[in-house]
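Student: Please find one structure pasted underneath; my questions will follow.
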Amino acid sequence: MNVGVRSRGSRIRSALFGYANLIPFMAFALFPFYYMLITSLKKDAELYSLKSVPFLIQTGVITDHYRYLFFKTDFLTWVKNSLIISVVATAVSLVIAILAGYSLARLRYRGVGMFGTAVFITYLVPPTLLFLPLSQVVVWLGISDTIWSLIVTYPTFLVPFSTWLLMGYFRTIPREVEECALVDGASRMQTLVRIVLPMAIPGIVCVTLFGFTLTWNEFTYALTFISQTANKTAVVGVTADLIRGDIYYWGSLMAGAVVASLPIVVIYVWFLDYYVSGLTAGAVKG
Amino acid sequence: MAVSQRALEATGLPRPARFARVREWWEQEHVFGYALIVPALALIVGLVAYPFGMAIYFSLSDYWVGSPGSFVGLQNFRDIVGNEMFQQTVYNSFVFSIIAVVFKTVLGVWLAMLLFRDFRFKRLIRGAVLLPWVIPTALSVLAWGWMFDSLYSVVNWTAIHLGLINPPGPNWLGMTSYAMTAVIAVNVWRGLPFFAIIVLAGLVSIPREYYEAAEVDGAGSWGRFRNVTLPLLKPVLAVVILFSTIFTFSDFNIVQVLTRGGPINTTHLFATLAYQIGLTGGNLGQGAAVSLFLFPMLAAIVFIQLRYIRRE
């Protein structure tokens with residue numbers, strides 16, 4: 001069989017072709033981040049000069065924009081708010097989603113198919129369809145303009161997504177394992193916590209990572225429900241409150257963008273494979 | 001109380017029978033099943049279904065921020081449909097979504113095919129490609145705003161130095177003829193990784209034998225792509241395109257950060273217009289009516305998903 005065997009020359013040519021084609025894609029994907037970073041380190045005089053080369057830092061690296069960000073703005077408060085919101089909303093959603101996902105994937109009762117469909121539909125509802133009425137709901141709940149407005153509303157998109165993802169993981173666990181535990185006298189809750197959850201750890205890690213990322217990055221609700229500077233999230237604070245008057249101070253804006261992206265970058269680099277597998281579980285909005 | 005309970009257990013006496021009965025009831029499959037789904041259902045009913053009902057109610061009333069209004073029937077819909085800004089938004093939304101989704105699909109398949117080859121630094125390159133999808137969109141879009149700056153745009157600087165355009169180059173975000181291009185470009189940049197990674201997973205699942213068989217039949221690389229890859233990718237592509245259509249159509253972040261719908265409303269989408277009318281302007285009734293125009297598209301896609309795709 002000669003099929004698939006090609007000459008060395010043609011293999012090398014094909015590999016070079018592949019790399020050459022990837023370069024524009026990589027440049028397109030990464031350039032904005034590179035530009036973000038060098039902008040945050042440049043002197044204002046260089047940033048706003050038509051003679052300088054925008055790709056380089058020619059007149060020296062400075063940290064003024066970062067110092068301004070940390071010491072003259074509420075940036076650290078925003079980061080703290082984001083952390084609290086992301087951790088609490090993700091944790092609450094995870095618990096709700098584990099229970100719902102297990103119920104939908106494993107237990108048989110009337111209406112289970114309908115509930116599954118309801119979760120699926122909710123999962124497709126874009127936040128922008130509901131932000132106006134939700135902005136009134138948080139007023140009625142008395143949590144408008146506080147970080148609680150986000151902790152309460154973020155599960156609306158996290159739970160359907162997490163449930164959907166976890167259902168897939170729960171289905172891969174052999175039923176026999178659970179049945180053994182039940183026969184041995186374990187209660188259903190013990191079976192879930194001690195037998196099923198340890199086997200679904202990759203799914204739980206995945207859901208936690210996505211939950212943290214989605215809540216940290218969320219913009220629509222965070223912009224809509226909170227107007228007090230001290231209660232803003234990192235993403236909205238940088239986007240909305242670093243612009244003084246109508247003037248964009250690009251150095252400090254980009255410094256804010258770099259630092260506020262950093263937690264996500266770190267987690268992402270650490271857990272890259274989980275992101276890829278979570279995405280390909282076909283479960284994520286794009 | 002706690003002490004007596006512990007004493008009871010220590011002496012080995014049986015627990016009260018009522019407790020055993022509760023436990024027996026609780027251990028039934030349907031009781032346990034309903035109990036576990038209740039928190040999620042409560043959330044869906046209280047914070048998704050109920051607000052959706054409210055959106056419909058708002059859209060039929062003259063509800064302003066801080067003042068519950070009265071029922072006005074379809075007045076809001078009549079008002080916005082006759083409004084030029086809204087007509088422009090409908091047009092924008094379709095142009096934006098169709099062009100962006102087409103570009104994401106074509107480039108996404110192409111990128112996935114490139115990533116599918118065997119090469120060095122595979123993990124590193126895949127990680128880099130997915131990055132725009134992971135970083136907070138509002139922040140990366142802010143960087144794009146600076147790249148499209150009216151005076152110091154790095155895009156223009158590059159194009160001028162490559163001799164592609166004459167100085168000073170277009171004011172991307174300030175001119176009606178360019179702003180939509182800029183907004184679409186950023187949406188494609190943000191959404192491309194999602195397409196590429198999902199399509200890549202689809203490619204991996206195609207059995208190699210099919211390609212070998214096609215090669216035996218004398219199919220060239222284009223023939224293999226057309227007759228093997230594309231037909232087998234169809235289900236995956238359908239899912240990604242439907243998903244992406246919903247979230248492109250309802251996009252908010254990119255336009256809100258980059259142009260706020262300007263210049264002269266040429267980049268407004270339903271979500272940004274609803275925000276401007278409902279929150280900035282305070283006219284919740286009309287804002288809700290605008291955002292409800294997202295619903296038919298959502299309903300159609302949910303229907304297709306449930307009817308044709310989830311069945312497989």
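Identifiers for the structure tokens are assigned positionally: chains receive A, B, ... in sequence, residues are indexed from 1 per chain, and ligands are indexed from 1 in the order shown.
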Write down as an NGL selection string the residues belonging to region 89-235 of chain A that are assigned alpha helix (DSSP H) by DSSP computed on the backbone.
Tutor: :A and (89-106 or 112-124 or 131-140 or 148-153 or 155-171 or 175-183 or 188-190 or 197-199 or 201-217 or 220-225 or 234-235)
Student: Name all residues at most 10 Å from Arg108 (chain A) (count only C-alpha atoms; drop same-chain ones fewer than 5 positions away) and give them as a ChimeraX atom specification.
Tutor: /A:103,113 /B:29-30,32-34
Student: Emit the selected residues as an mmCIF file, in the first residue's frame, including N, CA and C atoms.
Tutor:
```cif
data_model
loop_
_atom_site.group_PDB
_atom_site.id
_atom_site.type_symbol
_atom_site.label_atom_id
_atom_site.label_comp_id
_atom_site.auth_asym_id
_atom_site.auth_seq_id
_atom_site.Cartn_x
_atom_site.Cartn_y
_atom_site.Cartn_z
ATOM 1 N N SER A 103 -29.574 14.789 38.863
ATOM 2 C CA SER A 103 -30.985 14.441 38.779
ATOM 3 C C SER A 103 -31.402 14.192 37.330
ATOM 4 N N GLY A 113 -37.547 14.687 31.293
ATOM 5 C CA GLY A 113 -37.197 15.128 29.947
ATOM 6 C C GLY A 113 -37.543 16.591 29.731
ATOM 7 N N GLU B 29 -36.725 7.226 44.275
ATOM 8 C CA GLU B 29 -36.040 7.855 43.147
ATOM 9 C C GLU B 29 -36.705 9.154 42.716
ATOM 10 N N HIS B 30 -38.040 9.161 42.635
ATOM 11 C CA HIS B 30 -38.663 10.384 42.125
ATOM 12 C C HIS B 30 -38.603 11.520 43.142
ATOM 13 N N PHE B 32 -36.264 12.052 45.440
ATOM 14 C CA PHE B 32 -34.888 12.540 45.428
ATOM 15 C C PHE B 32 -34.624 13.346 44.137
ATOM 16 N N GLY B 33 -35.115 12.808 43.034
ATOM 17 C CA GLY B 33 -34.934 13.477 41.744
ATOM 18 C C GLY B 33 -35.549 14.870 41.726
ATOM 19 N N TYR B 34 -36.799 14.989 42.176
ATOM 20 C CA TYR B 34 -37.448 16.306 42.207
ATOM 21 C C TYR B 34 -36.711 17.236 43.160
#
```
Student: Tell me which protein, DNA and RNA residues are within 8 Å of region 154-160 of chain A, counting only C-alpha atoms, leaving out same-chain ones fewer than 4 positions away, and put them as an mmCIF file with N, CA and C atoms, in the first residue's frame.
Tutor:
```cif
data_model
loop_
_atom_site.group_PDB
_atom_site.id
_atom_site.type_symbol
_atom_site.label_atom_id
_atom_site.label_comp_id
_atom_site.auth_asym_id
_atom_site.auth_seq_id
_atom_site.Cartn_x
_atom_site.Cartn_y
_atom_site.Cartn_z
ATOM 1 N N ALA A 89 -20.523 33.368 43.219
ATOM 2 C CA ALA A 89 -21.494 32.975 42.180
ATOM 3 C C ALA A 89 -21.128 31.618 41.582
ATOM 4 N N THR A 90 -19.829 31.384 41.379
ATOM 5 C CA THR A 90 -19.413 30.100 40.816
ATOM 6 C C THR A 90 -19.695 28.965 41.788
ATOM 7 N N VAL A 92 -21.915 28.801 44.294
ATOM 8 C CA VAL A 92 -23.358 28.558 44.423
ATOM 9 C C VAL A 92 -23.883 27.832 43.187
ATOM 10 N N SER A 93 -23.467 28.306 42.025
ATOM 11 C CA SER A 93 -23.948 27.691 40.781
ATOM 12 C C SER A 93 -23.474 26.257 40.669
ATOM 13 N N LEU A 94 -22.254 26.007 41.120
ATOM 14 C CA LEU A 94 -21.710 24.651 41.033
ATOM 15 C C LEU A 94 -22.570 23.680 41.835
ATOM 16 N N ILE A 96 -25.753 24.019 42.830
ATOM 17 C CA ILE A 96 -27.069 23.861 42.206
ATOM 18 C C ILE A 96 -26.958 22.973 40.963
ATOM 19 N N ALA A 97 -25.890 23.178 40.188
ATOM 20 C CA ALA A 97 -25.742 22.445 38.926
ATOM 21 C C ALA A 97 -25.401 20.975 39.161
ATOM 22 N N VAL A 119 -33.784 23.431 30.883
ATOM 23 C CA VAL A 119 -32.406 23.851 31.162
ATOM 24 C C VAL A 119 -31.691 24.196 29.868
ATOM 25 N N PHE A 120 -31.913 23.366 28.842
ATOM 26 C CA PHE A 120 -31.257 23.596 27.559
ATOM 27 C C PHE A 120 -31.688 24.932 26.951
ATOM 28 N N THR A 122 -32.910 27.564 28.540
ATOM 29 C CA THR A 122 -32.377 28.661 29.346
ATOM 30 C C THR A 122 -30.920 28.932 28.996
ATOM 31 N N TYR A 123 -30.241 27.834 28.667
ATOM 32 C CA TYR A 123 -28.835 27.925 28.356
ATOM 33 C C TYR A 123 -28.604 28.720 27.072
ATOM 34 N N PRO A 127 -28.030 36.934 27.698
ATOM 35 C CA PRO A 127 -28.271 37.868 28.797
ATOM 36 C C PRO A 127 -28.891 39.172 28.322
ATOM 37 N N LEU A 150 -25.141 41.069 41.325
ATOM 38 C CA LEU A 150 -24.467 40.197 40.365
ATOM 39 C C LEU A 150 -24.362 38.768 40.896
ATOM 40 N N TRP A 164 -25.644 21.477 32.095
ATOM 41 C CA TRP A 164 -25.523 20.817 30.797
ATOM 42 C C TRP A 164 -24.198 20.081 30.684
ATOM 43 N N GLY A 211 -16.952 28.783 35.008
ATOM 44 C CA GLY A 211 -17.773 29.650 35.844
ATOM 45 C C GLY A 211 -16.996 30.884 36.266
ATOM 46 N N LEU A 214 -16.359 33.080 33.088
ATOM 47 C CA LEU A 214 -17.548 33.774 32.583
ATOM 48 C C LEU A 214 -17.988 34.888 33.521
ATOM 49 N N THR A 215 -17.914 34.654 34.839
ATOM 50 C CA THR A 215 -18.351 35.703 35.763
ATOM 51 C C THR A 215 -17.335 36.845 35.812
ATOM 52 N N ALA B 40 -32.480 24.472 40.896
ATOM 53 C CA ALA B 40 -32.246 24.951 39.527
ATOM 54 C C ALA B 40 -33.540 25.463 38.903
ATOM 55 N N LEU B 43 -34.552 28.818 40.264
ATOM 56 C CA LEU B 43 -33.730 29.865 39.653
ATOM 57 C C LEU B 43 -34.237 30.209 38.255
ATOM 58 N N ILE B 44 -34.521 29.152 37.471
ATOM 59 C CA ILE B 44 -34.971 29.383 36.097
ATOM 60 C C ILE B 44 -36.323 30.098 36.078
ATOM 61 N N LEU B 47 -35.716 33.831 37.952
ATOM 62 C CA LEU B 47 -34.797 34.824 37.399
ATOM 63 C C LEU B 47 -34.622 34.741 35.884
ATOM 64 N N VAL B 48 -35.348 33.820 35.245
ATOM 65 C CA VAL B 48 -35.320 33.797 33.781
ATOM 66 C C VAL B 48 -36.743 33.893 33.215
#
```
Student: Tell me which protein, DNA and RNA residues are within 12 Å of Ala238 (chain B), counting only C-alpha atoms, leaving out same-chain ones fewer than 6 positions away, and put them as a list in words.
Tutor: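 The residues that qualify are Gly282 of chain A; Val101, Thr105, Phe195, Ile198, Val199, Gly202, Leu230, Pro231, Leu232, Ser244, Thr245, Ile301, Ile304, Gln305, Tyr308, Ile309 and Arg310 of chain B.
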Student: Extract, using only C-alpha atoms, all DNA, RNA and protein residues at most 8 Å from region 142-149 of chain A, discarding same-chain residues fewer than 5 positions from it, and format them as a list in words.
Tutor: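 Skipping anything fewer than 5 positions along the chain leaves Asn81, Ile85, Ser135, Phe225, Ile226, Ser227, Gln228, Asn231 and Lys232 of chain A.
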Student: For those residues, write C-alpha atoms to a file as an mmCIF file, in the first residue's frame.
Tutor:
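File produced: part.cif:
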```cif
data_model
loop_
_atom_site.group_PDB
_atom_site.id
_atom_site.type_symbol
_atom_site.label_atom_id
_atom_site.label_comp_id
_atom_site.auth_asym_id
_atom_site.auth_seq_id
_atom_site.Cartn_x
_atom_site.Cartn_y
_atom_site.Cartn_z
ATOM 1 C CA ASN A 81 -15.369 42.951 44.137
ATOM 2 C CA ILE A 85 -18.577 37.910 42.988
ATOM 3 C CA SER A 135 -32.425 45.542 36.435
ATOM 4 C CA PHE A 225 -26.921 46.941 37.663
ATOM 5 C CA ILE A 226 -24.110 48.859 39.337
ATOM 6 C CA SER A 227 -23.390 52.541 39.080
ATOM 7 C CA GLN A 228 -21.451 53.275 42.296
ATOM 8 C CA ASN A 231 -19.098 48.487 43.866
ATOM 9 C CA LYS A 232 -17.993 47.972 40.282
#
```
Student: From the options B:Val72, B:Ala138, B:Ile206, B:Met85, which residue's atoms come nearest to chain A, counting only C-alpha atoms?
Tutor: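 Closest to chain A of all the choices is B:Ala138.
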Student: Quick one: everything within 12 Å of region 178-184 of chain A, counting only C-alpha atoms, minus sequence neighbours fewer than 4 positions away in the same chain. Send it as a short mmCIF file (atom, residue, chain, number, x, y, z; two decimals) with N, CA and C atoms, in the first residue's frame.
Tutor:
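The resulting file, around.cif, is shown below:
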```cif
data_model
loop_
_atom_site.label_atom_id
_atom_site.label_comp_id
_atom_site.auth_asym_id
_atom_site.auth_seq_id
_atom_site.Cartn_x
_atom_site.Cartn_y
_atom_site.Cartn_z
N TYR A 102 -27.11 15.82 38.17
CA TYR A 102 -27.22 14.42 38.58
C TYR A 102 -28.66 13.95 38.42
N ARG A 106 -29.32 11.00 35.73
CA ARG A 106 -29.31 9.69 36.32
C ARG A 106 -30.64 9.18 36.87
N LEU A 107 -31.50 10.08 37.30
CA LEU A 107 -32.71 9.62 37.99
C LEU A 107 -33.88 9.61 37.03
N PHE A 170 -21.64 13.01 34.13
CA PHE A 170 -22.33 12.02 34.95
C PHE A 170 -22.73 10.80 34.12
N ARG A 171 -23.09 11.07 32.85
CA ARG A 171 -23.53 9.95 32.01
C ARG A 171 -22.41 8.97 31.72
N ILE A 173 -20.27 7.87 33.81
CA ILE A 173 -19.97 7.01 34.96
C ILE A 173 -20.87 5.78 34.91
N PRO A 174 -20.27 4.58 34.98
CA PRO A 174 -21.10 3.37 34.88
C PRO A 174 -22.14 3.29 36.00
N ARG A 188 -28.90 7.76 48.90
CA ARG A 188 -28.68 8.34 47.58
C ARG A 188 -27.73 9.54 47.64
N MET A 189 -27.89 10.35 48.70
CA MET A 189 -27.03 11.52 48.81
C MET A 189 -25.58 11.09 49.04
N GLN A 190 -25.38 10.04 49.86
CA GLN A 190 -24.01 9.55 50.08
C GLN A 190 -23.42 9.02 48.77
N THR A 191 -24.25 8.33 48.00
CA THR A 191 -23.77 7.81 46.72
C THR A 191 -23.31 8.95 45.82
N LEU A 192 -24.12 10.00 45.77
CA LEU A 192 -23.77 11.15 44.94
C LEU A 192 -22.46 11.77 45.41
N VAL A 193 -22.37 12.03 46.72
CA VAL A 193 -21.21 12.77 47.22
C VAL A 193 -19.94 11.92 47.24
N ARG A 194 -20.07 10.64 47.68
CA ARG A 194 -18.85 9.86 47.88
C ARG A 194 -18.45 9.04 46.67
N ILE A 195 -19.42 8.66 45.82
CA ILE A 195 -19.08 7.78 44.69
C ILE A 195 -19.06 8.57 43.37
N VAL A 196 -20.13 9.31 43.12
CA VAL A 196 -20.26 9.94 41.80
C VAL A 196 -19.35 11.16 41.66
N LEU A 197 -19.37 12.04 42.66
CA LEU A 197 -18.59 13.27 42.55
C LEU A 197 -17.10 13.03 42.33
N MET A 199 -15.71 10.73 40.83
CA MET A 199 -15.48 10.26 39.47
C MET A 199 -15.74 11.36 38.45
N GLU B 27 -35.62 8.53 50.07
CA GLU B 27 -34.78 7.68 49.23
C GLU B 27 -35.48 7.23 47.95
N GLN B 28 -36.78 7.51 47.81
CA GLN B 28 -37.45 7.13 46.58
C GLN B 28 -36.86 7.91 45.42
N GLU B 29 -36.73 7.23 44.27
CA GLU B 29 -36.04 7.86 43.15
C GLU B 29 -36.71 9.15 42.72
#
```
Student: Would you pick out the contacts of Gln75 (chain B) at 12 Å or less, using only C-alpha atoms, so that residues sharing its chain but fewer than 3 positions from it are not included, and give the list as a ChimeraX atom specification?
Tutor: /B:58-63,70-72,78-82,285-286,289
Student: Output the selection as a PDB file, in the first residue's frame - C-alpha atoms for each residue.
Tutor:
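Output below, filename part.pdb:
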```pdb
ATOM      1  CA  PHE B  58     -42.940  46.255  30.114  1.00  0.00           C
ATOM      2  CA  SER B  59     -43.114  46.277  26.349  1.00  0.00           C
ATOM      3  CA  LEU B  60     -46.903  46.671  26.523  1.00  0.00           C
ATOM      4  CA  SER B  61     -46.842  49.515  29.036  1.00  0.00           C
ATOM      5  CA  ASP B  62     -45.342  52.966  29.321  1.00  0.00           C
ATOM      6  CA  TYR B  63     -43.047  51.925  32.134  1.00  0.00           C
ATOM      7  CA  SER B  70     -50.124  51.870  32.552  1.00  0.00           C
ATOM      8  CA  PHE B  71     -51.025  49.364  29.862  1.00  0.00           C
ATOM      9  CA  VAL B  72     -50.686  50.862  26.394  1.00  0.00           C
ATOM     10  CA  ARG B  78     -45.755  50.945  16.769  1.00  0.00           C
ATOM     11  CA  ASP B  79     -43.432  53.716  17.952  1.00  0.00           C
ATOM     12  CA  ILE B  80     -40.192  51.858  17.456  1.00  0.00           C
ATOM     13  CA  VAL B  81     -41.098  50.260  14.143  1.00  0.00           C
ATOM     14  CA  GLY B  82     -41.768  53.734  12.769  1.00  0.00           C
ATOM     15  CA  GLY B 285     -41.234  50.010  28.066  1.00  0.00           C
ATOM     16  CA  GLN B 286     -39.730  50.883  24.730  1.00  0.00           C
ATOM     17  CA  ALA B 289     -39.889  46.181  23.209  1.00  0.00           C
TER      18      ALA B 289
END
```
Student: Considering only C-alpha atoms, can you say which of B:Leu111, B:Ala271, B:Ile99, B:Ala17 comes closest to Leu292 (chain B)?
Tutor: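 Using only C-alpha atoms, the shortest distance to Leu292 (chain B) belongs to B:Ala271.
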Student: Which one is closest to chain A: B:Phe121, B:Tyr178, B:Phe243, B:Tyr57? Count only C-alpha atoms.
Tutor: B:Phe243
